[in-house]
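**Q** So I've got this file, structure18.txt, and it contains compact mmCIF, C-alpha atoms:
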# COMPACT_ATOMS: atom_id res chain seq x y z
CA MET A 9 -39.37 101.06 -49.07
CA VAL A 10 -37.34 98.10 -47.89
CA GLY A 11 -33.66 97.33 -48.27
CA TYR A 12 -33.89 94.48 -50.71
CA THR A 13 -35.96 96.25 -53.37
CA ASP A 14 -32.99 96.56 -55.74
CA ASP A 15 -32.11 92.90 -55.49
CA LYS A 16 -35.69 91.67 -55.35
CA ASP A 17 -35.50 89.66 -58.57
CA ALA A 18 -32.25 88.00 -57.56
CA VAL A 19 -33.67 87.08 -54.12
CA LEU A 20 -36.87 85.72 -55.70
CA THR A 21 -34.85 83.64 -58.16
CA ARG A 22 -32.86 82.12 -55.28
CA LEU A 23 -36.04 81.41 -53.30
CA ARG A 24 -37.67 79.71 -56.30
CA ARG A 25 -34.58 77.53 -56.68
CA ILE A 26 -34.85 76.63 -52.96
CA GLU A 27 -38.55 75.77 -53.47
CA GLY A 28 -37.43 73.46 -56.30
CA GLN A 29 -34.83 71.88 -53.97
CA VAL A 30 -37.53 71.21 -51.35
CA ARG A 31 -39.76 69.63 -54.00
CA GLY A 32 -36.75 67.55 -55.11
CA ILE A 33 -36.32 66.31 -51.53
CA GLN A 34 -40.01 65.29 -51.46
CA ARG A 35 -39.47 63.33 -54.68
CA MET A 36 -36.39 61.65 -53.18
CA VAL A 37 -38.35 60.59 -50.08
CA ASP A 38 -41.30 59.49 -52.19
CA GLU A 39 -39.01 57.31 -54.32
CA ASP A 40 -37.29 55.82 -51.22
CA THR A 41 -33.93 57.38 -52.05
CA TYR A 42 -31.16 56.36 -49.68
CA CYS A 43 -31.40 58.45 -46.45
CA ILE A 44 -27.83 59.76 -46.61
CA ASP A 45 -28.43 61.22 -50.08
CA VAL A 46 -31.62 62.89 -48.82
CA LEU A 47 -29.66 64.33 -45.87
CA THR A 48 -26.98 65.71 -48.21
CA GLN A 49 -29.68 67.49 -50.20
CA ILE A 50 -31.30 68.88 -47.01
CA SER A 51 -27.90 70.24 -45.84
CA ALA A 52 -27.44 71.97 -49.22
CA THR A 53 -30.94 73.48 -49.03
CA THR A 54 -30.37 74.70 -45.45
CA ARG A 55 -27.16 76.41 -46.55
CA ALA A 56 -28.95 78.02 -49.51
CA LEU A 57 -31.65 79.40 -47.17
CA GLN A 58 -29.00 80.75 -44.80
CA SER A 59 -27.24 82.48 -47.72
CA VAL A 60 -30.48 84.24 -48.67
CA ALA A 61 -30.92 85.28 -45.02
CA LEU A 62 -27.36 86.67 -44.93
CA ALA A 63 -27.94 88.59 -48.17
CA LEU A 64 -31.18 90.10 -46.82
CA LEU A 65 -29.51 90.99 -43.52
CA ASP A 66 -26.61 92.60 -45.36
CA ASP A 67 -29.03 94.77 -47.37
CA HIS A 68 -31.00 95.54 -44.24
CA LEU A 69 -27.91 96.82 -42.41
CA ASP A 70 -26.80 98.75 -45.48
CA HIS A 71 -30.19 100.42 -46.05
CA CYS A 72 -32.75 100.44 -43.23
CA VAL A 73 -30.36 100.47 -40.29
CA ARG A 74 -28.05 102.92 -41.98
CA GLN A 75 -30.83 105.35 -42.89
CA ALA A 76 -32.23 105.23 -39.36
CA ILE A 77 -28.80 105.99 -37.88
CA ALA A 78 -28.07 108.75 -40.39
CA ALA A 79 -31.48 110.30 -39.62
CA GLY A 80 -30.68 110.13 -35.89
CA GLY A 81 -33.44 110.01 -33.29
CA PRO A 82 -34.78 107.14 -31.21
CA GLU A 83 -35.61 104.93 -34.22
CA ALA A 84 -31.89 104.22 -34.66
CA ASP A 85 -31.80 102.43 -31.29
CA ASP A 86 -34.77 100.26 -32.26
CA LYS A 87 -33.27 99.34 -35.62
CA VAL A 88 -29.95 98.28 -34.12
CA ALA A 89 -31.66 96.24 -31.37
CA GLU A 90 -33.95 94.61 -33.93
CA ALA A 91 -31.05 93.71 -36.23
CA SER A 92 -29.14 92.20 -33.29
CA ALA A 93 -32.16 90.04 -32.37
CA ALA A 94 -32.49 88.84 -35.99
CA ILE A 95 -28.77 87.96 -36.08
CA ALA A 96 -29.15 85.97 -32.83
CA ARG A 97 -32.06 84.00 -34.34
CA LEU A 98 -29.98 83.22 -37.44
CA VAL A 99 -26.92 82.12 -35.47
CA ARG A 100 -29.06 79.85 -33.28
CA SER A 101 -31.14 78.32 -36.08
CA MET B 21 -35.66 49.24 -48.22
CA VAL B 22 -34.77 52.46 -46.46
CA GLY B 23 -35.15 53.49 -42.84
CA TYR B 24 -37.86 56.09 -43.23
CA THR B 25 -40.39 53.96 -45.09
CA ASP B 26 -42.69 53.71 -42.06
CA ASP B 27 -42.73 57.43 -41.48
CA LYS B 28 -42.77 58.36 -45.15
CA ASP B 29 -46.16 60.09 -45.05
CA ALA B 30 -45.22 62.12 -41.97
CA VAL B 31 -41.91 63.21 -43.57
CA LEU B 32 -43.67 64.14 -46.83
CA THR B 33 -46.27 66.17 -44.93
CA ARG B 34 -43.50 68.10 -43.16
CA LEU B 35 -41.65 68.69 -46.44
CA ARG B 36 -44.83 69.98 -48.13
CA ARG B 37 -45.32 72.38 -45.23
CA ILE B 38 -41.71 73.57 -45.69
CA GLU B 39 -42.36 74.05 -49.42
CA GLY B 40 -45.35 76.20 -48.41
CA GLN B 41 -43.14 78.20 -46.05
CA VAL B 42 -40.62 78.86 -48.86
CA ARG B 43 -43.46 80.01 -51.13
CA GLY B 44 -44.69 82.23 -48.29
CA ILE B 45 -41.21 83.81 -48.07
CA GLN B 46 -41.31 84.50 -51.83
CA ARG B 47 -44.67 86.21 -51.40
CA MET B 48 -43.28 88.29 -48.51
CA VAL B 49 -40.32 89.44 -50.63
CA ASP B 50 -42.58 90.10 -53.61
CA GLU B 51 -44.84 92.29 -51.45
CA ASP B 52 -41.86 94.17 -49.95
CA THR B 53 -42.48 92.85 -46.44
CA TYR B 54 -40.14 94.31 -43.84
CA CYS B 55 -36.76 92.48 -44.00
CA ILE B 56 -36.73 91.49 -40.32
CA ASP B 57 -40.08 89.69 -40.70
CA VAL B 58 -38.74 87.86 -43.76
CA LEU B 59 -35.63 86.85 -41.76
CA THR B 60 -37.79 85.53 -38.91
CA GLN B 61 -39.66 83.35 -41.39
CA ILE B 62 -36.40 82.10 -42.95
CA SER B 63 -35.05 81.16 -39.49
CA ALA B 64 -38.25 79.18 -38.79
CA THR B 65 -37.99 77.39 -42.15
CA THR B 66 -34.32 76.55 -41.58
CA ARG B 67 -35.19 75.04 -38.21
CA ALA B 68 -38.04 73.02 -39.76
CA LEU B 69 -35.63 71.63 -42.40
CA GLN B 70 -33.10 70.71 -39.71
CA SER B 71 -35.82 68.90 -37.74
CA VAL B 72 -36.67 66.79 -40.78
CA ALA B 73 -32.97 66.03 -41.22
CA LEU B 74 -32.67 64.97 -37.57
CA ALA B 75 -35.75 62.73 -37.89
CA LEU B 76 -34.32 61.07 -41.02
CA LEU B 77 -30.94 60.62 -39.37
CA ASP B 78 -32.58 59.10 -36.29
CA ASP B 79 -34.43 56.57 -38.47
CA HIS B 80 -31.27 55.92 -40.44
CA LEU B 81 -29.27 55.07 -37.31
CA ASP B 82 -32.15 52.99 -35.97
CA HIS B 83 -32.63 50.99 -39.17
CA CYS B 84 -29.88 51.00 -41.81
CA VAL B 85 -26.89 51.44 -39.49
CA ARG B 86 -28.32 49.05 -36.93
CA GLN B 87 -29.05 46.31 -39.47
CA ALA B 88 -25.58 46.62 -40.96
CA ILE B 89 -23.97 46.31 -37.52
CA ALA B 90 -26.21 43.41 -36.48
CA ALA B 91 -25.36 41.63 -39.76
CA GLY B 92 -21.64 42.19 -39.10
CA GLY B 93 -19.11 42.29 -41.90
CA PRO B 94 -17.32 45.21 -43.55
CA GLU B 95 -20.54 47.05 -44.47
CA ALA B 96 -20.97 48.06 -40.82
CA ASP B 97 -17.76 50.14 -40.98
CA ASP B 98 -18.98 51.92 -44.10
CA LYS B 99 -22.39 52.68 -42.59
CA VAL B 100 -20.93 54.17 -39.42
CA ALA B 101 -18.41 56.28 -41.37
CA GLU B 102 -21.14 57.47 -43.74
CA ALA B 103 -23.46 58.42 -40.86
CA SER B 104 -20.62 60.35 -39.17
CA ALA B 105 -19.97 62.28 -42.38
CA ALA B 106 -23.69 63.14 -42.72
CA ILE B 107 -23.77 64.34 -39.09
CA ALA B 108 -20.73 66.56 -39.72
CA ARG B 109 -22.46 68.12 -42.76
CA LEU B 110 -25.58 68.82 -40.68
CA VAL B 111 -23.65 70.36 -37.78
CA ARG B 112 -21.71 72.59 -40.17
CA SER B 113 -24.69 73.69 -42.28
CA MET C 10 -11.77 102.96 -28.16
CA VAL C 11 -13.75 99.86 -28.95
CA GLY C 12 -17.43 99.10 -28.50
CA TYR C 13 -17.16 96.64 -25.64
CA THR C 14 -15.10 98.78 -23.29
CA ASP C 15 -18.06 99.42 -20.96
CA ASP C 16 -18.91 95.74 -20.68
CA LYS C 17 -15.31 94.58 -20.65
CA ASP C 18 -15.48 93.10 -17.16
CA ALA C 19 -18.72 91.25 -17.91
CA VAL C 20 -17.25 89.83 -21.15
CA LEU C 21 -14.03 88.79 -19.38
CA THR C 22 -16.02 87.08 -16.62
CA ARG C 23 -17.97 85.09 -19.21
CA LEU C 24 -14.78 84.14 -21.06
CA ARG C 25 -13.12 82.98 -17.85
CA ARG C 26 -16.17 80.82 -17.14
CA ILE C 27 -15.88 79.36 -20.66
CA GLU C 28 -12.18 78.67 -20.03
CA GLY C 29 -13.27 76.80 -16.88
CA GLN C 30 -15.81 74.82 -18.92
CA VAL C 31 -13.10 73.81 -21.42
CA ARG C 32 -10.85 72.69 -18.54
CA GLY C 33 -13.83 70.76 -17.12
CA ILE C 34 -14.21 68.98 -20.47
CA GLN C 35 -10.51 68.05 -20.38
CA ARG C 36 -11.00 66.59 -16.91
CA MET C 37 -14.06 64.63 -18.10
CA VAL C 38 -12.06 63.16 -21.00
CA ASP C 39 -9.09 62.45 -18.74
CA GLU C 40 -11.35 60.56 -16.29
CA ASP C 41 -13.02 58.59 -19.12
CA THR C 42 -16.42 60.20 -18.55
CA TYR C 43 -19.16 58.76 -20.74
CA CYS C 44 -18.95 60.33 -24.26
CA ILE C 45 -22.54 61.56 -24.30
CA ASP C 46 -21.97 63.56 -21.10
CA VAL C 47 -18.82 65.09 -22.60
CA LEU C 48 -20.81 66.01 -25.74
CA THR C 49 -23.52 67.67 -23.65
CA GLN C 50 -20.87 69.80 -21.97
CA ILE C 51 -19.28 70.70 -25.33
CA SER C 52 -22.68 71.79 -26.69
CA ALA C 53 -23.20 74.03 -23.63
CA THR C 54 -19.73 75.56 -24.06
CA THR C 55 -20.31 76.18 -27.77
CA ARG C 56 -23.55 77.98 -26.96
CA ALA C 57 -21.80 80.07 -24.28
CA LEU C 58 -19.11 81.11 -26.80
CA GLN C 59 -21.78 82.04 -29.36
CA SER C 60 -23.56 84.16 -26.74
CA VAL C 61 -20.38 86.12 -26.08
CA ALA C 62 -19.96 86.58 -29.84
CA LEU C 63 -23.53 87.87 -30.16
CA ALA C 64 -23.00 90.28 -27.24
CA LEU C 65 -19.79 91.63 -28.82
CA LEU C 66 -21.48 91.96 -32.21
CA ASP C 67 -24.39 93.79 -30.64
CA ASP C 68 -22.03 96.28 -29.01
CA HIS C 69 -20.06 96.59 -32.21
CA LEU C 70 -23.18 97.52 -34.23
CA ASP C 71 -24.32 99.86 -31.48
CA HIS C 72 -20.99 101.67 -31.19
CA CYS C 73 -18.40 101.29 -33.96
CA VAL C 74 -20.80 100.83 -36.89
CA ARG C 75 -23.16 103.47 -35.58
CA GLN C 76 -20.42 106.07 -35.08
CA ALA C 77 -19.02 105.43 -38.54
CA ILE C 78 -22.46 105.87 -40.12
CA ALA C 79 -23.25 108.98 -38.06
CA ALA C 80 -19.87 110.46 -39.07
CA GLY C 81 -20.66 109.71 -42.72
CA GLY C 82 -17.92 109.25 -45.27
CA PRO C 83 -16.50 106.11 -46.89
CA GLU C 84 -15.64 104.42 -43.59
CA ALA C 85 -19.35 103.69 -43.03
CA ASP C 86 -19.37 101.39 -46.09
CA ASP C 87 -16.37 99.48 -44.79
CA LYS C 88 -17.85 99.06 -41.32
CA VAL C 89 -21.16 97.71 -42.64
CA ALA C 90 -19.40 95.30 -45.03
CA GLU C 91 -17.08 94.13 -42.27
CA ALA C 92 -19.96 93.55 -39.83
CA SER C 93 -21.83 91.55 -42.50
CA ALA C 94 -18.79 89.35 -43.07
CA ALA C 95 -18.43 88.72 -39.31
CA ILE C 96 -22.13 87.79 -39.09
CA ALA C 97 -21.72 85.33 -41.99
CA ARG C 98 -18.76 83.68 -40.20
CA LEU C 99 -20.82 83.34 -37.01
CA VAL C 100 -23.86 81.88 -38.79
CA ARG C 101 -21.66 79.35 -40.61
CA SER C 102 -19.58 78.31 -37.59
CA MET D 17 -14.51 51.64 -21.13
CA VAL D 18 -15.46 54.53 -23.34
CA GLY D 19 -15.08 55.01 -27.08
CA TYR D 20 -12.43 57.68 -27.08
CA THR D 21 -9.88 55.90 -24.91
CA ASP D 22 -7.58 55.21 -27.85
CA ASP D 23 -7.59 58.80 -29.01
CA LYS D 24 -7.60 60.29 -25.52
CA ASP D 25 -4.24 62.04 -25.90
CA ALA D 26 -5.21 63.53 -29.25
CA VAL D 27 -8.53 64.78 -27.84
CA LEU D 28 -6.80 66.25 -24.77
CA THR D 29 -4.24 68.01 -26.97
CA ARG D 30 -7.03 69.59 -29.02
CA LEU D 31 -8.91 70.66 -25.87
CA ARG D 32 -5.77 72.24 -24.41
CA ARG D 33 -5.32 74.17 -27.64
CA ILE D 34 -8.95 75.35 -27.38
CA GLU D 35 -8.32 76.42 -23.77
CA GLY D 36 -5.36 78.44 -25.09
CA GLN D 37 -7.60 80.00 -27.74
CA VAL D 38 -10.14 81.03 -25.06
CA ARG D 39 -7.33 82.58 -23.00
CA GLY D 40 -6.14 84.35 -26.15
CA ILE D 41 -9.64 85.81 -26.61
CA GLN D 42 -9.56 87.07 -23.00
CA ARG D 43 -6.24 88.75 -23.72
CA MET D 44 -7.65 90.33 -26.89
CA VAL D 45 -10.64 91.74 -24.97
CA ASP D 46 -8.39 92.90 -22.13
CA GLU D 47 -6.16 94.76 -24.60
CA ASP D 48 -9.19 96.34 -26.37
CA THR D 49 -8.52 94.51 -29.64
CA TYR D 50 -10.89 95.50 -32.42
CA CYS D 51 -14.25 93.65 -31.99
CA ILE D 52 -14.25 92.11 -35.46
CA ASP D 53 -10.88 90.45 -34.81
CA VAL D 54 -12.18 89.09 -31.50
CA LEU D 55 -15.26 87.72 -33.31
CA THR D 56 -13.07 86.02 -35.93
CA GLN D 57 -11.17 84.28 -33.14
CA ILE D 58 -14.41 83.23 -31.39
CA SER D 59 -15.74 81.74 -34.66
CA ALA D 60 -12.50 79.74 -35.05
CA THR D 61 -12.73 78.49 -31.46
CA THR D 62 -16.39 77.49 -31.89
CA ARG D 63 -15.47 75.50 -34.99
CA ALA D 64 -12.59 73.81 -33.14
CA LEU D 65 -14.97 72.79 -30.31
CA GLN D 66 -17.48 71.42 -32.81
CA SER D 67 -14.73 69.39 -34.48
CA VAL D 68 -13.83 67.78 -31.16
CA ALA D 69 -17.55 67.03 -30.60
CA LEU D 70 -17.79 65.41 -34.04
CA ALA D 71 -14.67 63.32 -33.38
CA LEU D 72 -16.07 62.13 -30.02
CA LEU D 73 -19.45 61.35 -31.58
CA ASP D 74 -17.76 59.42 -34.38
CA ASP D 75 -15.86 57.30 -31.85
CA HIS D 76 -19.02 56.89 -29.78
CA LEU D 77 -20.99 55.52 -32.75
CA ASP D 78 -18.08 53.32 -33.75
CA HIS D 79 -17.55 51.86 -30.28
CA CYS D 80 -20.33 52.21 -27.67
CA VAL D 81 -23.31 52.21 -30.03
CA ARG D 82 -21.82 49.49 -32.18
CA GLN D 83 -21.02 47.21 -29.24
CA ALA D 84 -24.52 47.66 -27.80
CA ILE D 85 -26.11 46.77 -31.17
CA ALA D 86 -23.80 43.80 -31.73
CA ALA D 87 -24.61 42.55 -28.22
CA GLY D 88 -28.33 42.92 -28.97
CA GLY D 89 -30.88 43.39 -26.21
CA PRO D 90 -32.72 46.50 -25.02
CA GLU D 91 -29.56 48.53 -24.40
CA ALA D 92 -29.15 48.96 -28.16
CA ASP D 93 -32.40 50.98 -28.33
CA ASP D 94 -31.22 53.24 -25.53
CA LYS D 95 -27.83 53.84 -27.14
CA VAL D 96 -29.31 54.76 -30.50
CA ALA D 97 -31.89 57.11 -28.90
CA GLU D 98 -29.18 58.71 -26.76
CA ALA D 99 -26.87 59.25 -29.75
CA SER D 100 -29.74 60.84 -31.72
CA ALA D 101 -30.45 63.24 -28.85
CA ALA D 102 -26.76 64.21 -28.65
CA ILE D 103 -26.68 64.82 -32.42
CA ALA D 104 -29.77 67.06 -32.14
CA ARG D 105 -28.09 69.11 -29.39
CA LEU D 106 -24.98 69.54 -31.56
CA VAL D 107 -26.94 70.56 -34.66
CA ARG D 108 -28.93 73.12 -32.66
CA SER D 109 -25.95 74.59 -30.75
So that I can check it, write out the structure of this file as structure tokens.

**A**
Amino acid sequence: MVGYTDDKDAVLTRLRRIEGQVRGIQRMVDEDTYCIDVLTQISATTRALQSVALALLDDHLDHCVRQAIAAGGPEADDKVAEASAAIARLVRS
Amino acid sequence: MVGYTDDKDAVLTRLRRIEGQVRGIQRMVDEDTYCIDVLTQISATTRALQSVALALLDDHLDHCVRQAIAAGGPEADDKVAEASAAIARLVRS
Amino acid sequence: MVGYTDDKDAVLTRLRRIEGQVRGIQRMVDEDTYCIDVLTQISATTRALQSVALALLDDHLDHCVRQAIAAGGPEADDKVAEASAAIARLVRS
Amino acid sequence: MVGYTDDKDAVLTRLRRIEGQVRGIQRMVDEDTYCIDVLTQISATTRALQSVALALLDDHLDHCVRQAIAAGGPEADDKVAEASAAIARLVRS
């Protein structure tokens, strides 16, 4: 089981909307839309992707990491280290 | 005419690949892939989107902004201000 | 007790180096150093600050959040929510 | 001459405030302030640094890049390429 199972439909809905935004950006480029307007749409899509990432990370901390810590044992160390590495990738992307 | 006309096919190819990445993320969520792996894929997609934005901005500076400045007149002020605002949105997204 | 107590000296050393970088940027501006070189130095300083933030967050997850979860009770919920909010601020800054 | 000469005092004032913020963060760590509060202060300082970078870049586009383009010649190419590289570093930091 993974942390986002409960919110799976909501996450999928957000990802489908992001897919639609990316297709919209393709259409804008294809129709020679003014660059600045394309950039505005890319910034909005980037922020939407980051929001999904933050929601998944939140669930991950609240479920997987939490269960591993509550269960004790060496897996807790791994989970915390893994979450920290994922956070670093998000902050730097 | 807009700045990215020459590179239009290359930009569209990159955007179609990003659309494929977003669909891949949906599939991962749908199949209950481990959250951290989903996050890694989202970080990669975010970076790919930012690279397209930087390429578009580069072309924009090199074509639209440059032409407006070379032509002189009040439009040059607008173009520079508009580019600065787009850069700020990118840095903050 | 807070999570970073063990690494306090290392964190303080990094923050003093960042303070030195900020003073170096002031000197560059004061001496009319070429803008692009000042920007390069600001980008390096921003990354150094983010690295300290990631190190503190890592320790926080590994100590404060972990202890709260291991202890059980309602405080665990608060700690996880609070860490998620701090991560969101970092990703968006 | 560089682009930010006119605003030099304003930029220096902002950088001195950022130096004060970094010293404040050192004090917080030294006094074992709660990690989340330290992180909030680091996020604010990172944003302040990025704002200075955006202001410098804005001036740079509006002065150095603009003058090079208006003057024509090969230096214009270099200035635009250099500005694009600086923008990429800012977006990725």

**Q** Can you build me a table of chain C residues sitting at most 6 Å from chain A, with the closest atom pair per residue and its distance in Å to one decimal, using all atoms listed in the file, sorted by chain and residue number, as a tab-separated table?

**A**
residue	atom	partner	partner_atom	distance
C:Asp67	CA	A:Ser92	CA	5.7
C:Ala79	CA	A:Ala78	CA	5.4
C:Ser93	CA	A:Asp66	CA	5.7
C:Val100	CA	A:Val99	CA	4.5

**Q** Those selected residues, please, written with C-alpha atoms and delivered as a PDB file, in the frame of the given file.

**A**
ATOM      1  CA  ASP C  67     -24.390  93.790 -30.640  1.00  0.00           C
ATOM      2  CA  ALA C  79     -23.250 108.980 -38.060  1.00  0.00           C
ATOM      3  CA  SER C  93     -21.830  91.550 -42.500  1.00  0.00           C
ATOM      4  CA  VAL C 100     -23.860  81.880 -38.790  1.00  0.00           C
TER       5      VAL C 100
END

**Q** May I ask which of the residues C:Asp16, C:Leu58, C:Asp46, C:Ser52 is the closest one to Val38 (chain D), counting only C-alpha atoms?

**A**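 Selected residue with least distance to Val38 (chain D): C:Leu58.
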
**Q** Could you do a least-squares fit of chain D on chain C over every C-alpha atom, in sequence order, and give the output as a PDB file with C-alpha atoms, keeping the file's coordinate frame?

**A**
ATOM      1  CA  MET D  17     -11.829 102.933 -28.389  1.00  0.00           C
ATOM      2  CA  VAL D  18     -13.792  99.791 -29.032  1.00  0.00           C
ATOM      3  CA  GLY D  19     -17.469  99.027 -28.518  1.00  0.00           C
ATOM      4  CA  TYR D  20     -17.187  96.609 -25.649  1.00  0.00           C
ATOM      5  CA  THR D  21     -15.137  98.786 -23.317  1.00  0.00           C
ATOM      6  CA  ASP D  22     -18.086  99.419 -21.011  1.00  0.00           C
ATOM      7  CA  ASP D  23     -18.926  95.755 -20.684  1.00  0.00           C
ATOM      8  CA  LYS D  24     -15.319  94.576 -20.654  1.00  0.00           C
ATOM      9  CA  ASP D  25     -15.484  93.101 -17.148  1.00  0.00           C
ATOM     10  CA  ALA D  26     -18.707  91.249 -17.902  1.00  0.00           C
ATOM     11  CA  VAL D  27     -17.251  89.839 -21.137  1.00  0.00           C
ATOM     12  CA  LEU D  28     -14.034  88.796 -19.365  1.00  0.00           C
ATOM     13  CA  THR D  29     -16.026  87.084 -16.609  1.00  0.00           C
ATOM     14  CA  ARG D  30     -17.978  85.095 -19.201  1.00  0.00           C
ATOM     15  CA  LEU D  31     -14.779  84.140 -21.061  1.00  0.00           C
ATOM     16  CA  ARG D  32     -13.131  82.972 -17.835  1.00  0.00           C
ATOM     17  CA  ARG D  33     -16.171  80.818 -17.140  1.00  0.00           C
ATOM     18  CA  ILE D  34     -15.872  79.352 -20.661  1.00  0.00           C
ATOM     19  CA  GLU D  35     -12.171  78.655 -20.032  1.00  0.00           C
ATOM     20  CA  GLY D  36     -13.256  76.797 -16.878  1.00  0.00           C
ATOM     21  CA  GLN D  37     -15.798  74.824 -18.908  1.00  0.00           C
ATOM     22  CA  VAL D  38     -13.083  73.810 -21.417  1.00  0.00           C
ATOM     23  CA  ARG D  39     -10.846  72.695 -18.538  1.00  0.00           C
ATOM     24  CA  GLY D  40     -13.807  70.772 -17.121  1.00  0.00           C
ATOM     25  CA  ILE D  41     -14.198  68.977 -20.471  1.00  0.00           C
ATOM     26  CA  GLN D  42     -10.491  68.044 -20.374  1.00  0.00           C
ATOM     27  CA  ARG D  43     -11.001  66.605 -16.905  1.00  0.00           C
ATOM     28  CA  MET D  44     -14.045  64.641 -18.094  1.00  0.00           C
ATOM     29  CA  VAL D  45     -12.061  63.145 -20.999  1.00  0.00           C
ATOM     30  CA  ASP D  46      -9.091  62.435 -18.731  1.00  0.00           C
ATOM     31  CA  GLU D  47     -11.348  60.572 -16.288  1.00  0.00           C
ATOM     32  CA  ASP D  48     -13.026  58.586 -19.126  1.00  0.00           C
ATOM     33  CA  THR D  49     -16.432  60.180 -18.533  1.00  0.00           C
ATOM     34  CA  TYR D  50     -19.155  58.751 -20.738  1.00  0.00           C
ATOM     35  CA  CYS D  51     -18.949  60.329 -24.254  1.00  0.00           C
ATOM     36  CA  ILE D  52     -22.540  61.559 -24.299  1.00  0.00           C
ATOM     37  CA  ASP D  53     -21.979  63.558 -21.101  1.00  0.00           C
ATOM     38  CA  VAL D  54     -18.825  65.078 -22.596  1.00  0.00           C
ATOM     39  CA  LEU D  55     -20.802  66.012 -25.736  1.00  0.00           C
ATOM     40  CA  THR D  56     -23.523  67.666 -23.634  1.00  0.00           C
ATOM     41  CA  GLN D  57     -20.863  69.799 -21.961  1.00  0.00           C
ATOM     42  CA  ILE D  58     -19.270  70.708 -25.322  1.00  0.00           C
ATOM     43  CA  SER D  59     -22.681  71.789 -26.692  1.00  0.00           C
ATOM     44  CA  ALA D  60     -23.188  74.024 -23.627  1.00  0.00           C
ATOM     45  CA  THR D  61     -19.726  75.553 -24.054  1.00  0.00           C
ATOM     46  CA  THR D  62     -20.307  76.188 -27.774  1.00  0.00           C
ATOM     47  CA  ARG D  63     -23.553  77.977 -26.950  1.00  0.00           C
ATOM     48  CA  ALA D  64     -21.808  80.066 -24.273  1.00  0.00           C
ATOM     49  CA  LEU D  65     -19.121  81.113 -26.802  1.00  0.00           C
ATOM     50  CA  GLN D  66     -21.776  82.038 -29.357  1.00  0.00           C
ATOM     51  CA  SER D  67     -23.569  84.150 -26.750  1.00  0.00           C
ATOM     52  CA  VAL D  68     -20.388  86.112 -26.075  1.00  0.00           C
ATOM     53  CA  ALA D  69     -19.962  86.578 -29.859  1.00  0.00           C
ATOM     54  CA  LEU D  70     -23.534  87.869 -30.150  1.00  0.00           C
ATOM     55  CA  ALA D  71     -23.006  90.274 -27.238  1.00  0.00           C
ATOM     56  CA  LEU D  72     -19.789  91.621 -28.819  1.00  0.00           C
ATOM     57  CA  LEU D  73     -21.470  91.965 -32.213  1.00  0.00           C
ATOM     58  CA  ASP D  74     -24.399  93.787 -30.625  1.00  0.00           C
ATOM     59  CA  ASP D  75     -22.032  96.275 -28.978  1.00  0.00           C
ATOM     60  CA  HIS D  76     -20.062  96.583 -32.213  1.00  0.00           C
ATOM     61  CA  LEU D  77     -23.175  97.515 -34.217  1.00  0.00           C
ATOM     62  CA  ASP D  78     -24.313  99.867 -31.482  1.00  0.00           C
ATOM     63  CA  HIS D  79     -20.976 101.661 -31.167  1.00  0.00           C
ATOM     64  CA  CYS D  80     -18.395 101.295 -33.972  1.00  0.00           C
ATOM     65  CA  VAL D  81     -20.798 100.831 -36.880  1.00  0.00           C
ATOM     66  CA  ARG D  82     -23.152 103.476 -35.575  1.00  0.00           C
ATOM     67  CA  GLN D  83     -20.410 106.061 -35.048  1.00  0.00           C
ATOM     68  CA  ALA D  84     -18.998 105.432 -38.532  1.00  0.00           C
ATOM     69  CA  ILE D  85     -22.461 105.886 -40.107  1.00  0.00           C
ATOM     70  CA  ALA D  86     -23.239 108.988 -38.047  1.00  0.00           C
ATOM     71  CA  ALA D  87     -19.867 110.459 -39.049  1.00  0.00           C
ATOM     72  CA  GLY D  88     -20.647 109.702 -42.704  1.00  0.00           C
ATOM     73  CA  GLY D  89     -17.902 109.249 -45.273  1.00  0.00           C
ATOM     74  CA  PRO D  90     -16.476 106.104 -46.869  1.00  0.00           C
ATOM     75  CA  GLU D  91     -15.624 104.420 -43.563  1.00  0.00           C
ATOM     76  CA  ALA D  92     -19.324 103.705 -43.023  1.00  0.00           C
ATOM     77  CA  ASP D  93     -19.373 101.401 -46.082  1.00  0.00           C
ATOM     78  CA  ASP D  94     -16.365  99.503 -44.784  1.00  0.00           C
ATOM     79  CA  LYS D  95     -17.856  99.066 -41.315  1.00  0.00           C
ATOM     80  CA  VAL D  96     -21.148  97.734 -42.626  1.00  0.00           C
ATOM     81  CA  ALA D  97     -19.393  95.313 -45.034  1.00  0.00           C
ATOM     82  CA  GLU D  98     -17.073  94.147 -42.252  1.00  0.00           C
ATOM     83  CA  ALA D  99     -19.963  93.556 -39.830  1.00  0.00           C
ATOM     84  CA  SER D 100     -21.836  91.557 -42.502  1.00  0.00           C
ATOM     85  CA  ALA D 101     -18.779  89.360 -43.076  1.00  0.00           C
ATOM     86  CA  ALA D 102     -18.430  88.738 -39.323  1.00  0.00           C
ATOM     87  CA  ILE D 103     -22.130  87.815 -39.096  1.00  0.00           C
ATOM     88  CA  ALA D 104     -21.708  85.346 -41.988  1.00  0.00           C
ATOM     89  CA  ARG D 105     -18.760  83.695 -40.209  1.00  0.00           C
ATOM     90  CA  LEU D 106     -20.828  83.354 -37.019  1.00  0.00           C
ATOM     91  CA  VAL D 107     -23.861  81.903 -38.806  1.00  0.00           C
ATOM     92  CA  ARG D 108     -21.679  79.360 -40.619  1.00  0.00           C
ATOM     93  CA  SER D 109     -19.595  78.327 -37.573  1.00  0.00           C
TER      94      SER D 109
END

**Q** Could you tell me how far CA of Ile62 (chain B) sits from CA of Asp87 (chain C), in Å to one decimal place?

**A**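 Value for the CA of Asp87 (chain C)-CA of Ile62 (chain B) distance: 26.6 Å.
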
**Q** By how many Å are CA of Arg35 (chain A) and CA of Leu35 (chain B) apart?

**A**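 Atom-to-atom, CA of Arg35 (chain A) and CA of Leu35 (chain B) are spaced 10.1 Å apart.
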